[in-house]
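The block underneath contains the structure these notes are about, expressed in structure tokens.
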Protein chains: 2
Amino acid sequence: MGDGSEIERQVIDRLNAHDLRFTVARRQIVKALRGVDGPVTLPELLDLAPDLAQSSAYRNLALLEDAGIVRRLVHSTDHARYELAEVLTEHHHHLVCDRCGVVRDIAFSDETEELLDQEIAEVAAAERFHVTRHILDLHGLCSDCVAATS
Amino acid sequence: MGDGSEIERQVIDRLNAHDLRFTVARRQIVKALRGVDGPVTLPELLDLAPDLAQSSAYRNLALLEDAGIVRRLVHSTDHARYELAEVLTEHHHHLVCDRCGVVRDIAFSDETEELLDQEIAEVAAAERFHVTRHILDLHGLCSDCVAATS
DNA sequence: TTGCTTGCAAATGATTTGCACTGCT
DNA sequence: AGCAGTGCAAATCATTTGCAAGCAA
């Protein structure tokens, strides 16, 4: 619970830093994103926050992304997916079902992440590329779709 | 050299398996994709194969993707990127410049890939998810954009 | 011939934007 | 009052698709 207000404080700080207000619409978006276990599409977000206009959702998600509060993911050509930025949550990866499109959060062990960071640092240095983050998505079939593909 | 015809044979086999001909347009697409060091966007592909109609490019890329010859990547909301499938090339990852959008191929050490596969297998089992592949993209700034951000 | 391919132009669908209105401050 | 924020509807833009013509088996 103390966790909740901590996130909220972070959100408000970042909004202030970007001269943005913590309006009802933005509050709804953040609340909705906190209540799910994976990134959501725009339609899914509208279901979670029914009195939010579509254009306001898109506009606020873009602003929240600029403010470092939200992260936009694109796994396919249709709907993008949105989640809270990792500064507000924790570093994680995604399981992506290539059949139904559902996306769920997962975490790796600290050891694996450390080794990964190390390898990334080496490659980045060799390629003269300034790496700021990595995205690791596991694609395949969720258990429901495995069952359906009998 | 021998490598080139090997890929071509693979392409033809896969096309045959899907009742598709190895037409001029498809030949151009495969040739273009073989000549670059990272996945390309549709406009970039059209530059590489000037006498290819846009709709034919889209249509053939979709068919080639179904045939397992091409892989479509989506890193941002605008243009998707296309590359030869890994069965024709080798497992690799991408450096993605968040400023200019350029994408370049990179490879990790076999040890890292093995450890990664091991960790992925564990997570997949725990989450009851059938993982078929993983995508690891390193985001940041390419050296040109680092220089430009003086 | 028979049907896969192609190119053009029109359609689709996610996302963005113009504009007038609402509501903080 | 003054300006950020909102909702509606129209605009954008990547991608898809209908259709008539071209080409290969």
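Starting from 1 in every chain, residues are counted up; chains themselves are A, B, ... following the order of the structure tokens, and ligands are numbered from 1 as listed.
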What lies within 12 Å of region 6-14 of chain D using only C-alpha atoms (C1' of nucleotides), ignoring chain neighbours under 3 positions off, as a tab-separated table (two decimals) with all heavy atoms, in the first residue's frame?
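Saved result, around_18.tsv, follows:
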chain	number	residue	atom	x	y	z
A	23	THR	N	-4.59	15.30	-13.88
A	23	THR	CA	-6.04	15.40	-14.10
A	23	THR	C	-6.73	14.06	-13.89
A	23	THR	O	-6.10	13.03	-13.72
A	23	THR	CB	-6.32	15.85	-15.54
A	23	THR	OG1	-5.85	14.85	-16.43
A	23	THR	CG2	-5.64	17.17	-15.84
A	24	VAL	N	-8.05	14.12	-13.94
A	24	VAL	CA	-8.84	12.91	-13.76
A	24	VAL	C	-8.47	11.87	-14.82
A	24	VAL	O	-8.26	10.70	-14.51
A	24	VAL	CB	-10.36	13.23	-13.87
A	24	VAL	CG1	-11.18	11.94	-13.81
A	24	VAL	CG2	-10.77	14.19	-12.77
A	25	ALA	N	-8.36	12.32	-16.07
A	25	ALA	CA	-8.05	11.39	-17.15
A	25	ALA	C	-6.70	10.72	-16.90
A	25	ALA	O	-6.57	9.50	-17.04
A	25	ALA	CB	-8.03	12.14	-18.49
A	26	ARG	N	-5.71	11.50	-16.52
A	26	ARG	CA	-4.36	10.94	-16.31
A	26	ARG	C	-4.35	10.01	-15.10
A	26	ARG	O	-3.66	9.00	-15.08
A	26	ARG	CB	-3.35	12.09	-16.15
A	26	ARG	CG	-3.14	12.79	-17.47
A	26	ARG	CD	-2.45	14.11	-17.39
A	26	ARG	NE	-2.61	14.81	-18.67
A	26	ARG	CZ	-2.36	16.10	-18.85
A	26	ARG	NH1	-1.95	16.86	-17.86
A	26	ARG	NH2	-2.54	16.64	-20.04
A	51	ASP	N	-15.04	6.05	-19.09
A	51	ASP	CA	-15.41	7.43	-19.40
A	51	ASP	C	-14.23	8.24	-19.89
A	51	ASP	O	-14.14	9.45	-19.66
A	51	ASP	CB	-16.09	8.10	-18.19
A	51	ASP	CG	-15.47	7.66	-16.88
A	51	ASP	OD1	-14.69	6.69	-16.89
A	51	ASP	OD2	-15.76	8.28	-15.85
A	52	LEU	N	-13.32	7.56	-20.58
A	52	LEU	CA	-12.16	8.24	-21.13
A	52	LEU	C	-12.34	8.29	-22.65
A	52	LEU	O	-12.59	7.27	-23.27
A	52	LEU	CB	-10.90	7.44	-20.78
A	52	LEU	CG	-9.53	8.04	-21.08
A	52	LEU	CD1	-9.32	9.34	-20.34
A	52	LEU	CD2	-8.45	7.04	-20.70
A	53	ALA	N	-12.24	9.48	-23.21
A	53	ALA	CA	-12.39	9.60	-24.67
A	53	ALA	C	-11.16	9.03	-25.35
A	53	ALA	O	-10.05	9.13	-24.85
A	53	ALA	CB	-12.58	11.05	-25.06
A	54	GLN	N	-11.37	8.44	-26.53
A	54	GLN	CA	-10.26	7.81	-27.24
A	54	GLN	C	-9.13	8.80	-27.52
A	54	GLN	O	-7.95	8.51	-27.26
A	54	GLN	CB	-10.76	7.22	-28.55
A	54	GLN	CG	-9.73	6.39	-29.28
A	54	GLN	CD	-10.16	6.05	-30.69
A	54	GLN	OE1	-10.58	6.90	-31.45
A	54	GLN	NE2	-10.05	4.79	-31.04
A	55	SER	N	-9.49	9.96	-28.02
A	55	SER	CA	-8.44	10.92	-28.37
A	55	SER	C	-7.70	11.40	-27.12
A	55	SER	O	-6.49	11.62	-27.17
A	55	SER	CB	-9.03	12.12	-29.11
A	55	SER	OG	-9.93	12.82	-28.30
A	56	SER	N	-8.41	11.53	-26.03
A	56	SER	CA	-7.75	11.94	-24.79
A	56	SER	C	-6.80	10.85	-24.31
A	56	SER	O	-5.71	11.15	-23.80
A	56	SER	CB	-8.78	12.23	-23.70
A	56	SER	OG	-9.58	13.32	-24.07
A	57	ALA	N	-7.21	9.61	-24.48
A	57	ALA	CA	-6.35	8.51	-24.09
A	57	ALA	C	-5.05	8.57	-24.89
A	57	ALA	O	-3.96	8.55	-24.33
A	57	ALA	CB	-7.06	7.18	-24.31
A	58	TYR	N	-5.18	8.66	-26.21
A	58	TYR	CA	-3.99	8.72	-27.06
A	58	TYR	C	-3.12	9.93	-26.69
A	58	TYR	O	-1.91	9.83	-26.54
A	58	TYR	CB	-4.39	8.83	-28.53
A	58	TYR	CG	-4.64	7.50	-29.20
A	58	TYR	CD1	-5.89	7.18	-29.72
A	58	TYR	CD2	-3.62	6.57	-29.33
A	58	TYR	CE1	-6.12	5.97	-30.36
A	58	TYR	CE2	-3.83	5.35	-29.97
A	58	TYR	CZ	-5.08	5.06	-30.47
A	58	TYR	OH	-5.30	3.86	-31.10
A	59	ARG	N	-3.78	11.08	-26.53
A	59	ARG	CA	-3.02	12.29	-26.27
A	59	ARG	C	-2.29	12.21	-24.93
A	59	ARG	O	-1.12	12.53	-24.82
A	59	ARG	CB	-3.96	13.50	-26.30
A	59	ARG	CG	-3.27	14.74	-26.71
A	59	ARG	CD	-4.10	15.84	-27.37
A	59	ARG	NE	-5.53	15.64	-27.47
A	59	ARG	CZ	-6.29	16.26	-28.37
A	59	ARG	NH1	-5.72	17.09	-29.23
A	59	ARG	NH2	-7.58	16.08	-28.41
A	60	ASN	N	-2.99	11.73	-23.91
A	60	ASN	CA	-2.37	11.66	-22.60
A	60	ASN	C	-1.29	10.59	-22.52
A	60	ASN	O	-0.28	10.78	-21.85
A	60	ASN	CB	-3.44	11.42	-21.53
A	60	ASN	CG	-4.15	12.71	-21.19
A	60	ASN	OD1	-3.51	13.74	-20.99
A	60	ASN	ND2	-5.48	12.66	-21.13
A	77	THR	N	1.56	-4.97	-35.96
A	77	THR	CA	1.20	-3.80	-36.74
A	77	THR	C	-0.08	-3.14	-36.26
A	77	THR	O	-0.33	-1.99	-36.55
A	77	THR	CB	1.06	-4.17	-38.23
A	77	THR	OG1	2.21	-4.92	-38.61
A	77	THR	CG2	0.96	-2.94	-39.09
A	78	ASP	N	-0.90	-3.87	-35.55
A	78	ASP	CA	-2.18	-3.25	-35.18
A	78	ASP	C	-2.07	-2.32	-33.98
A	78	ASP	O	-1.60	-1.21	-34.10
A	78	ASP	CB	-3.28	-4.31	-35.01
A	78	ASP	CG	-2.82	-5.50	-34.20
A	78	ASP	OD1	-1.76	-5.38	-33.55
A	78	ASP	OD2	-3.51	-6.53	-34.20
B	41	THR	N	13.10	-0.83	-44.01
B	41	THR	CA	11.70	-0.43	-44.10
B	41	THR	C	11.22	-0.60	-45.53
B	41	THR	O	12.02	-0.81	-46.44
B	41	THR	CB	11.52	1.04	-43.72
B	41	THR	OG1	12.26	1.84	-44.65
B	41	THR	CG2	12.03	1.31	-42.30
B	42	LEU	N	9.92	-0.47	-45.73
B	42	LEU	CA	9.36	-0.60	-47.07
B	42	LEU	C	9.94	0.44	-48.02
B	42	LEU	O	10.39	0.09	-49.12
B	42	LEU	CB	7.83	-0.52	-46.99
B	42	LEU	CG	6.97	-1.14	-48.06
B	42	LEU	CD1	6.97	-0.32	-49.34
B	42	LEU	CD2	7.42	-2.56	-48.37
B	43	PRO	N	9.97	1.72	-47.64
B	43	PRO	CA	10.57	2.73	-48.53
B	43	PRO	C	12.02	2.41	-48.85
B	43	PRO	O	12.46	2.57	-50.00
B	43	PRO	CB	10.46	4.02	-47.71
B	43	PRO	CG	9.30	3.79	-46.80
B	43	PRO	CD	9.34	2.33	-46.46
B	54	GLN	N	4.86	-0.63	-54.94
B	54	GLN	CA	4.66	-0.66	-53.50
B	54	GLN	C	3.74	-1.79	-53.06
B	54	GLN	O	4.06	-2.55	-52.15
B	54	GLN	CB	4.08	0.68	-53.02
B	54	GLN	CG	4.04	0.81	-51.52
B	54	GLN	CD	3.24	2.01	-51.09
B	54	GLN	OE1	2.13	2.22	-51.56
B	54	GLN	NE2	3.80	2.82	-50.21
B	55	SER	N	2.61	-1.93	-53.74
B	55	SER	CA	1.66	-2.95	-53.33
B	55	SER	C	2.24	-4.35	-53.52
B	55	SER	O	2.00	-5.25	-52.72
B	55	SER	CB	0.34	-2.81	-54.10
B	55	SER	OG	0.55	-3.02	-55.47
B	58	TYR	N	4.60	-5.02	-50.57
B	58	TYR	CA	3.85	-5.40	-49.37
B	58	TYR	C	3.29	-6.80	-49.51
B	58	TYR	O	3.39	-7.63	-48.61
B	58	TYR	CB	2.70	-4.41	-49.13
B	58	TYR	CG	3.09	-3.18	-48.35
B	58	TYR	CD1	2.99	-1.92	-48.90
B	58	TYR	CD2	3.53	-3.29	-47.03
B	58	TYR	CE1	3.33	-0.78	-48.18
B	58	TYR	CE2	3.87	-2.15	-46.30
B	58	TYR	CZ	3.76	-0.91	-46.88
B	58	TYR	OH	4.10	0.20	-46.16
B	76	SER	N	8.70	0.58	-34.08
B	76	SER	CA	8.01	1.84	-33.78
B	76	SER	C	6.68	1.83	-34.50
B	76	SER	O	6.34	0.88	-35.19
B	76	SER	CB	8.87	3.02	-34.23
B	76	SER	OG	8.96	3.01	-35.64
B	77	THR	N	5.94	2.92	-34.38
B	77	THR	CA	4.60	2.94	-34.94
B	77	THR	C	4.60	3.18	-36.44
B	77	THR	O	3.64	2.84	-37.12
B	77	THR	CB	3.74	4.02	-34.24
B	77	THR	OG1	3.88	3.84	-32.84
B	77	THR	CG2	2.29	3.89	-34.63
B	78	ASP	N	5.65	3.76	-36.97
B	78	ASP	CA	5.60	4.08	-38.41
B	78	ASP	C	5.88	2.87	-39.31
B	78	ASP	O	4.99	2.06	-39.50
B	78	ASP	CB	6.50	5.28	-38.73
B	78	ASP	CG	7.86	5.18	-38.07
B	78	ASP	OD1	8.20	4.07	-37.62
B	78	ASP	OD2	8.57	6.18	-38.01
B	79	HIS	N	7.05	2.79	-39.89
B	79	HIS	CA	7.29	1.70	-40.83
B	79	HIS	C	7.80	0.43	-40.14
B	79	HIS	O	8.71	0.50	-39.32
B	79	HIS	CB	8.31	2.11	-41.89
B	79	HIS	CG	7.75	3.03	-42.92
B	79	HIS	ND1	6.99	2.58	-43.97
B	79	HIS	CD2	7.80	4.37	-43.05
B	79	HIS	CE1	6.62	3.61	-44.72
B	79	HIS	NE2	7.09	4.71	-44.18
B	80	ALA	N	7.25	-0.70	-40.54
B	80	ALA	CA	7.79	-1.98	-40.07
B	80	ALA	C	9.12	-2.20	-40.79
B	80	ALA	O	9.44	-1.50	-41.75
B	80	ALA	CB	6.81	-3.10	-40.41
C	12	DT	P	-13.75	-0.12	-46.78
C	12	DT	OP1	-14.66	-1.27	-46.67
C	12	DT	OP2	-14.22	1.27	-46.60
C	12	DT	O5'	-12.56	-0.36	-45.76
C	12	DT	C5'	-11.71	-1.48	-45.93
C	12	DT	C4'	-10.60	-1.41	-44.92
C	12	DT	O4'	-9.62	-0.44	-45.34
C	12	DT	C3'	-11.06	-0.99	-43.52
C	12	DT	O3'	-10.70	-2.04	-42.64
C	12	DT	C2'	-10.27	0.29	-43.23
C	12	DT	C1'	-9.10	0.19	-44.18
C	12	DT	N1	-8.50	1.44	-44.67
C	12	DT	C2	-7.13	1.59	-44.55
C	12	DT	O2	-6.41	0.75	-44.04
C	12	DT	N3	-6.62	2.76	-45.06
C	12	DT	C4	-7.34	3.78	-45.66
C	12	DT	O4	-6.77	4.77	-46.08
C	12	DT	C5	-8.77	3.57	-45.75
C	12	DT	C7	-9.63	4.61	-46.37
C	12	DT	C6	-9.27	2.42	-45.25
C	13	DG	P	-11.37	-2.20	-41.20
C	13	DG	OP1	-11.57	-3.65	-40.98
C	13	DG	OP2	-12.50	-1.25	-41.08
C	13	DG	O5'	-10.21	-1.70	-40.25
C	13	DG	C5'	-8.87	-2.04	-40.54
C	13	DG	C4'	-7.96	-1.23	-39.66
C	13	DG	O4'	-7.53	-0.04	-40.37
C	13	DG	C3'	-8.62	-0.71	-38.38
C	13	DG	O3'	-7.66	-0.72	-37.35
C	13	DG	C2'	-9.02	0.70	-38.75
C	13	DG	C1'	-7.83	1.10	-39.60
C	13	DG	N9	-8.07	2.21	-40.49
C	13	DG	C8	-9.27	2.63	-41.00
C	13	DG	N7	-9.16	3.68	-41.79
C	13	DG	C5	-7.80	3.95	-41.78
C	13	DG	C6	-7.06	4.97	-42.45
C	13	DG	O6	-7.48	5.85	-43.19
C	13	DG	N1	-5.71	4.89	-42.16
C	13	DG	C2	-5.12	3.96	-41.35
C	13	DG	N2	-3.80	4.04	-41.20
C	13	DG	N3	-5.80	3.00	-40.74
C	13	DG	C4	-7.12	3.06	-40.99
C	14	DA	P	-8.07	-0.57	-35.82
C	14	DA	OP1	-8.14	-1.91	-35.23
C	14	DA	OP2	-9.22	0.36	-35.74
C	14	DA	O5'	-6.79	0.16	-35.25
C	14	DA	C5'	-5.51	-0.43	-35.44
C	14	DA	C4'	-4.44	0.64	-35.40
C	14	DA	O4'	-4.67	1.60	-36.46
C	14	DA	C3'	-4.39	1.44	-34.10
C	14	DA	O3'	-3.02	1.64	-33.76
C	14	DA	C2'	-5.09	2.75	-34.46
C	14	DA	C1'	-4.74	2.91	-35.93
C	14	DA	N9	-5.75	3.64	-36.71
C	14	DA	C8	-7.09	3.40	-36.76
C	14	DA	N7	-7.75	4.22	-37.56
C	14	DA	C5	-6.76	5.04	-38.07
C	14	DA	C6	-6.80	6.12	-38.97
C	14	DA	N6	-7.93	6.56	-39.55
C	14	DA	N1	-5.65	6.73	-39.27
C	14	DA	C2	-4.52	6.29	-38.71
C	14	DA	N3	-4.35	5.28	-37.84
C	14	DA	C4	-5.53	4.70	-37.56
C	15	DT	P	-2.61	2.30	-32.37
C	15	DT	OP1	-1.28	1.77	-32.05
C	15	DT	OP2	-3.73	2.15	-31.41
C	15	DT	O5'	-2.46	3.84	-32.74
C	15	DT	C5'	-1.43	4.20	-33.66
C	15	DT	C4'	-1.57	5.64	-34.07
C	15	DT	O4'	-2.82	5.86	-34.76
C	15	DT	C3'	-1.54	6.67	-32.93
C	15	DT	O3'	-0.41	7.51	-33.15
C	15	DT	C2'	-2.86	7.42	-33.07
C	15	DT	C1'	-3.22	7.18	-34.52
C	15	DT	N1	-4.66	7.26	-34.88
C	15	DT	C2	-5.04	8.19	-35.83
C	15	DT	O2	-4.26	8.94	-36.38
C	15	DT	N3	-6.38	8.19	-36.12
C	15	DT	C4	-7.36	7.39	-35.56
C	15	DT	O4	-8.53	7.50	-35.91
C	15	DT	C5	-6.89	6.45	-34.57
C	15	DT	C7	-7.87	5.53	-33.89
C	15	DT	C6	-5.58	6.43	-34.27
C	16	DT	P	-0.12	8.75	-32.24
C	16	DT	OP1	1.33	8.93	-32.23
C	16	DT	OP2	-0.88	8.64	-30.99
C	16	DT	O5'	-0.74	9.94	-33.11
C	16	DT	C5'	-0.37	10.04	-34.47
C	16	DT	C4'	-0.94	11.31	-35.07
C	16	DT	O4'	-2.35	11.16	-35.30
C	16	DT	C3'	-0.77	12.57	-34.21
C	16	DT	O3'	-0.33	13.60	-35.08
C	16	DT	C2'	-2.18	12.83	-33.67
C	16	DT	C1'	-3.04	12.29	-34.79
C	16	DT	N1	-4.39	11.77	-34.42
C	16	DT	C2	-5.46	12.19	-35.16
C	16	DT	O2	-5.37	12.98	-36.08
C	16	DT	N3	-6.66	11.62	-34.79
C	16	DT	C4	-6.88	10.72	-33.78
C	16	DT	O4	-8.00	10.29	-33.56
C	16	DT	C5	-5.71	10.33	-33.03
C	16	DT	C7	-5.84	9.37	-31.91
C	16	DT	C6	-4.53	10.87	-33.38
C	17	DT	P	0.07	15.03	-34.53
C	17	DT	OP1	1.19	15.49	-35.36
C	17	DT	OP2	0.18	14.99	-33.06
C	17	DT	O5'	-1.22	15.89	-34.91
C	17	DT	C5'	-1.74	15.80	-36.21
C	17	DT	C4'	-2.95	16.69	-36.35
C	17	DT	O4'	-4.13	16.00	-35.91
C	17	DT	C3'	-2.90	18.00	-35.53
C	17	DT	O3'	-3.46	19.03	-36.33
C	17	DT	C2'	-3.79	17.70	-34.34
C	17	DT	C1'	-4.84	16.81	-35.00
C	17	DT	N1	-5.58	15.89	-34.11
C	17	DT	C2	-6.90	15.65	-34.40
C	17	DT	O2	-7.48	16.15	-35.34
C	17	DT	N3	-7.52	14.77	-33.55
C	17	DT	C4	-6.96	14.13	-32.45
C	17	DT	O4	-7.63	13.37	-31.78
C	17	DT	C5	-5.58	14.44	-32.21
C	17	DT	C7	-4.89	13.81	-31.05
C	17	DT	C6	-4.97	15.30	-33.04
C	18	DG	P	-3.22	20.55	-35.95
C	18	DG	OP1	-2.20	21.07	-36.88
C	18	DG	OP2	-3.00	20.66	-34.49
C	18	DG	O5'	-4.62	21.21	-36.31
C	18	DG	C5'	-5.32	20.80	-37.49
C	18	DG	C4'	-6.72	21.39	-37.50
C	18	DG	O4'	-7.61	20.54	-36.73
C	18	DG	C3'	-6.85	22.76	-36.87
C	18	DG	O3'	-7.90	23.47	-37.54
C	18	DG	C2'	-7.19	22.46	-35.42
C	18	DG	C1'	-8.03	21.20	-35.55
C	18	DG	N9	-7.87	20.24	-34.46
C	18	DG	C8	-6.71	19.87	-33.84
C	18	DG	N7	-6.89	18.96	-32.91
C	18	DG	C5	-8.25	18.71	-32.93
C	18	DG	C6	-9.04	17.82	-32.15
C	18	DG	O6	-8.66	17.03	-31.29
C	18	DG	N1	-10.38	17.89	-32.49
C	18	DG	C2	-10.92	18.71	-33.44
C	18	DG	N2	-12.22	18.64	-33.62
C	18	DG	N3	-10.19	19.55	-34.18
C	18	DG	C4	-8.88	19.49	-33.87
C	19	DC	P	-8.22	24.98	-37.15
C	19	DC	OP1	-8.78	25.58	-38.38
C	19	DC	OP2	-7.08	25.61	-36.46
C	19	DC	O5'	-9.41	24.78	-36.12
C	19	DC	C5'	-10.49	23.92	-36.44
C	19	DC	C4'	-11.53	23.95	-35.32
C	19	DC	O4'	-11.23	22.91	-34.36
C	19	DC	C3'	-11.56	25.26	-34.53
C	19	DC	O3'	-12.90	25.60	-34.25
C	19	DC	C2'	-10.80	24.92	-33.26
C	19	DC	C1'	-11.23	23.48	-33.07
C	19	DC	N1	-10.33	22.66	-32.22
C	19	DC	C2	-10.87	21.59	-31.49
C	19	DC	O2	-12.06	21.36	-31.58
C	19	DC	N3	-10.05	20.85	-30.71
C	19	DC	C4	-8.74	21.15	-30.65
C	19	DC	N4	-7.98	20.39	-29.87
C	19	DC	C5	-8.18	22.23	-31.38
C	19	DC	C6	-9.00	22.95	-32.15
C	20	DA	P	-13.29	27.15	-33.91
C	20	DA	OP1	-13.85	27.72	-35.16
C	20	DA	OP2	-12.19	27.83	-33.19
C	20	DA	O5'	-14.49	26.91	-32.91
C	20	DA	C5'	-15.42	25.85	-33.16
C	20	DA	C4'	-15.89	25.28	-31.83
C	20	DA	O4'	-14.82	24.51	-31.22
C	20	DA	C3'	-16.28	26.35	-30.81
C	20	DA	O3'	-17.44	25.91	-30.12
C	20	DA	C2'	-15.05	26.43	-29.90
C	20	DA	C1'	-14.60	24.97	-29.90
C	20	DA	N9	-13.20	24.75	-29.56
C	20	DA	C8	-12.11	25.51	-29.90
C	20	DA	N7	-10.97	25.04	-29.44
C	20	DA	C5	-11.32	23.89	-28.75
C	20	DA	C6	-10.57	22.93	-28.04
C	20	DA	N6	-9.25	22.99	-27.89
C	20	DA	N1	-11.25	21.90	-27.47
C	20	DA	C2	-12.58	21.84	-27.62
C	20	DA	N3	-13.39	22.68	-28.26
C	20	DA	C4	-12.69	23.69	-28.82
C	21	DC	P	-18.06	26.74	-28.89
C	21	DC	OP1	-19.52	26.78	-29.10
C	21	DC	OP2	-17.27	27.99	-28.74
C	21	DC	O5'	-17.79	25.80	-27.63
C	21	DC	C5'	-18.20	24.42	-27.69
C	21	DC	C4'	-17.76	23.72	-26.41
C	21	DC	O4'	-16.33	23.57	-26.39
C	21	DC	C3'	-18.13	24.48	-25.13
C	21	DC	O3'	-18.60	23.54	-24.16
C	21	DC	C2'	-16.81	25.13	-24.73
C	21	DC	C1'	-15.83	24.07	-25.17
C	21	DC	N1	-14.44	24.54	-25.39
C	21	DC	C2	-13.39	23.83	-24.83
C	21	DC	O2	-13.64	22.80	-24.17
C	21	DC	N3	-12.11	24.26	-25.03
C	21	DC	C4	-11.88	25.35	-25.74
C	21	DC	N4	-10.62	25.74	-25.90
C	21	DC	C5	-12.95	26.10	-26.33
C	21	DC	C6	-14.20	25.67	-26.13
C	22	DT	P	-19.32	24.02	-22.80
C	22	DT	OP1	-20.70	23.52	-22.79
C	22	DT	OP2	-19.02	25.46	-22.62
C	22	DT	O5'	-18.49	23.21	-21.69
C	22	DT	C5'	-17.83	21.99	-22.01
C	22	DT	C4'	-16.81	21.69	-20.93
C	22	DT	O4'	-15.50	22.22	-21.29
C	22	DT	C3'	-17.15	22.26	-19.56
C	22	DT	O3'	-16.93	21.23	-18.60
C	22	DT	C2'	-16.18	23.44	-19.42
C	22	DT	C1'	-14.98	22.93	-20.19
C	22	DT	N1	-14.07	23.96	-20.75
C	22	DT	C2	-12.71	23.80	-20.55
C	22	DT	O2	-12.24	22.88	-19.90
C	22	DT	N3	-11.93	24.77	-21.12
C	22	DT	C4	-12.36	25.84	-21.87
C	22	DT	O4	-11.54	26.63	-22.33
C	22	DT	C5	-13.78	25.96	-22.04
C	22	DT	C7	-14.33	27.11	-22.83
C	22	DT	C6	-14.56	25.02	-21.48
C	23	DG	P	-17.24	21.42	-17.06
C	23	DG	OP1	-17.73	20.13	-16.52
C	23	DG	OP2	-18.05	22.67	-16.92
C	23	DG	O5'	-15.79	21.69	-16.47
C	23	DG	C5'	-14.74	20.76	-16.68
C	23	DG	C4'	-13.50	21.26	-15.97
C	23	DG	O4'	-12.91	22.35	-16.71
C	23	DG	C3'	-13.80	21.83	-14.59
C	23	DG	O3'	-12.63	21.65	-13.80
C	23	DG	C2'	-13.98	23.31	-14.87
C	23	DG	C1'	-12.87	23.51	-15.88
C	23	DG	N9	-12.99	24.67	-16.74
C	23	DG	C8	-14.13	25.30	-17.16
C	23	DG	N7	-13.88	26.32	-17.94
C	23	DG	C5	-12.50	26.35	-18.04
C	23	DG	C6	-11.65	27.23	-18.74
C	23	DG	O6	-11.96	28.18	-19.45
C	23	DG	N1	-10.31	26.91	-18.56
C	23	DG	C2	-9.84	25.85	-17.79
C	23	DG	N2	-8.53	25.69	-17.74
C	23	DG	N3	-10.63	25.03	-17.14
C	23	DG	C4	-11.94	25.34	-17.30
Practice prompt. Extract the full set of helix (DSSP H, G or I) residues from chain A according to DSSP on the backbone, and format it as a ChimeraX atom specification.
Written response: /A:2-17,24-34,42-48,54-66,110-127,143-148
Worksheet item: Pick the closest to chain B from A:Arg99, A:His18, A:His75, A:His93: which is it, counting only C-alpha atoms?
Response: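 Among A:Arg99, A:His18, A:His75, A:His93, it is A:His75 that comes nearest to chain B.
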Practice prompt. Taking the DSSP assignment computed from this structure's backbone, write out as a list in words all residues of region 91-149 of chain B that belong to strand (DSSP E).
Written response: His93, His94, Leu95, Val96, Cys97, Val103, Arg104, Asp105, Ile106, His130, Val131, Thr132, Arg133, His134, Ile135, Leu136, Asp137, Leu138, His139, Gly140 and Leu141 of chain B
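Here CA of Leu138 (chain A) is placed at a distance of 27.4 Å from CA of Ile7 (chain A).
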Got a sec: who's within 12 Å of DC24 (chain C), counting only C-alpha atoms (C1' of nucleotides), leaving out chain neighbours fewer than 3 positions off, as an mmCIF file with N, CA, C and O atoms (P, O5', C5', C4', C3', O3' and C1' of nucleotides), in the first residue's frame?
data_model
loop_
_atom_site.group_PDB
_atom_site.id
_atom_site.type_symbol
_atom_site.label_atom_id
_atom_site.label_comp_id
_atom_site.auth_asym_id
_atom_site.auth_seq_id
_atom_site.Cartn_x
_atom_site.Cartn_y
_atom_site.Cartn_z
ATOM 1 N N ARG A 21 -0.623 18.696 -15.400
ATOM 2 C CA ARG A 21 -1.448 18.500 -14.200
ATOM 3 C C ARG A 21 -1.815 17.025 -14.046
ATOM 4 O O ARG A 21 -1.845 16.279 -15.013
ATOM 5 N N PHE A 22 -2.119 16.664 -12.825
ATOM 6 C CA PHE A 22 -2.566 15.287 -12.581
ATOM 7 C C PHE A 22 -4.087 15.292 -12.662
ATOM 8 O O PHE A 22 -4.792 15.278 -11.657
ATOM 9 N N THR A 23 -4.592 15.299 -13.879
ATOM 10 C CA THR A 23 -6.038 15.404 -14.099
ATOM 11 C C THR A 23 -6.735 14.062 -13.890
ATOM 12 O O THR A 23 -6.096 13.031 -13.717
ATOM 13 N N VAL A 24 -8.047 14.123 -13.937
ATOM 14 C CA VAL A 24 -8.841 12.910 -13.764
ATOM 15 C C VAL A 24 -8.469 11.871 -14.817
ATOM 16 O O VAL A 24 -8.257 10.697 -14.513
ATOM 17 P P DG D 2 -7.520 37.686 -19.588
ATOM 18 O "O5'" DG D 2 -7.065 36.264 -19.055
ATOM 19 C "C5'" DG D 2 -6.028 36.153 -18.078
ATOM 20 C "C4'" DG D 2 -5.361 34.794 -18.232
ATOM 21 C "C3'" DG D 2 -5.048 34.433 -19.694
ATOM 22 O "O3'" DG D 2 -3.821 33.724 -19.723
ATOM 23 C "C1'" DG D 2 -6.520 32.826 -18.797
ATOM 24 P P DC D 3 -3.191 33.297 -21.155
ATOM 25 O "O5'" DC D 3 -2.693 31.816 -20.902
ATOM 26 C "C5'" DC D 3 -2.498 31.322 -19.575
ATOM 27 C "C4'" DC D 3 -2.926 29.875 -19.487
ATOM 28 C "C3'" DC D 3 -2.597 29.039 -20.736
ATOM 29 O "O3'" DC D 3 -2.141 27.760 -20.282
ATOM 30 C "C1'" DC D 3 -4.833 28.781 -20.205
ATOM 31 P P DA D 4 -1.259 26.798 -21.217
ATOM 32 O "O5'" DA D 4 -1.563 25.375 -20.599
ATOM 33 C "C5'" DA D 4 -1.317 25.125 -19.227
ATOM 34 C "C4'" DA D 4 -2.263 24.061 -18.727
ATOM 35 C "C3'" DA D 4 -2.127 22.731 -19.461
ATOM 36 O "O3'" DA D 4 -2.373 21.690 -18.521
ATOM 37 C "C1'" DA D 4 -4.299 23.594 -19.791
ATOM 38 P P DG D 5 -2.325 20.185 -18.996
ATOM 39 O "O5'" DG D 5 -3.853 19.900 -19.344
ATOM 40 C "C5'" DG D 5 -4.824 20.014 -18.327
ATOM 41 C "C4'" DG D 5 -6.147 19.450 -18.803
ATOM 42 C "C3'" DG D 5 -6.052 18.161 -19.617
ATOM 43 O "O3'" DG D 5 -7.076 17.290 -19.146
ATOM 44 C "C1'" DG D 5 -7.227 19.775 -20.849
#
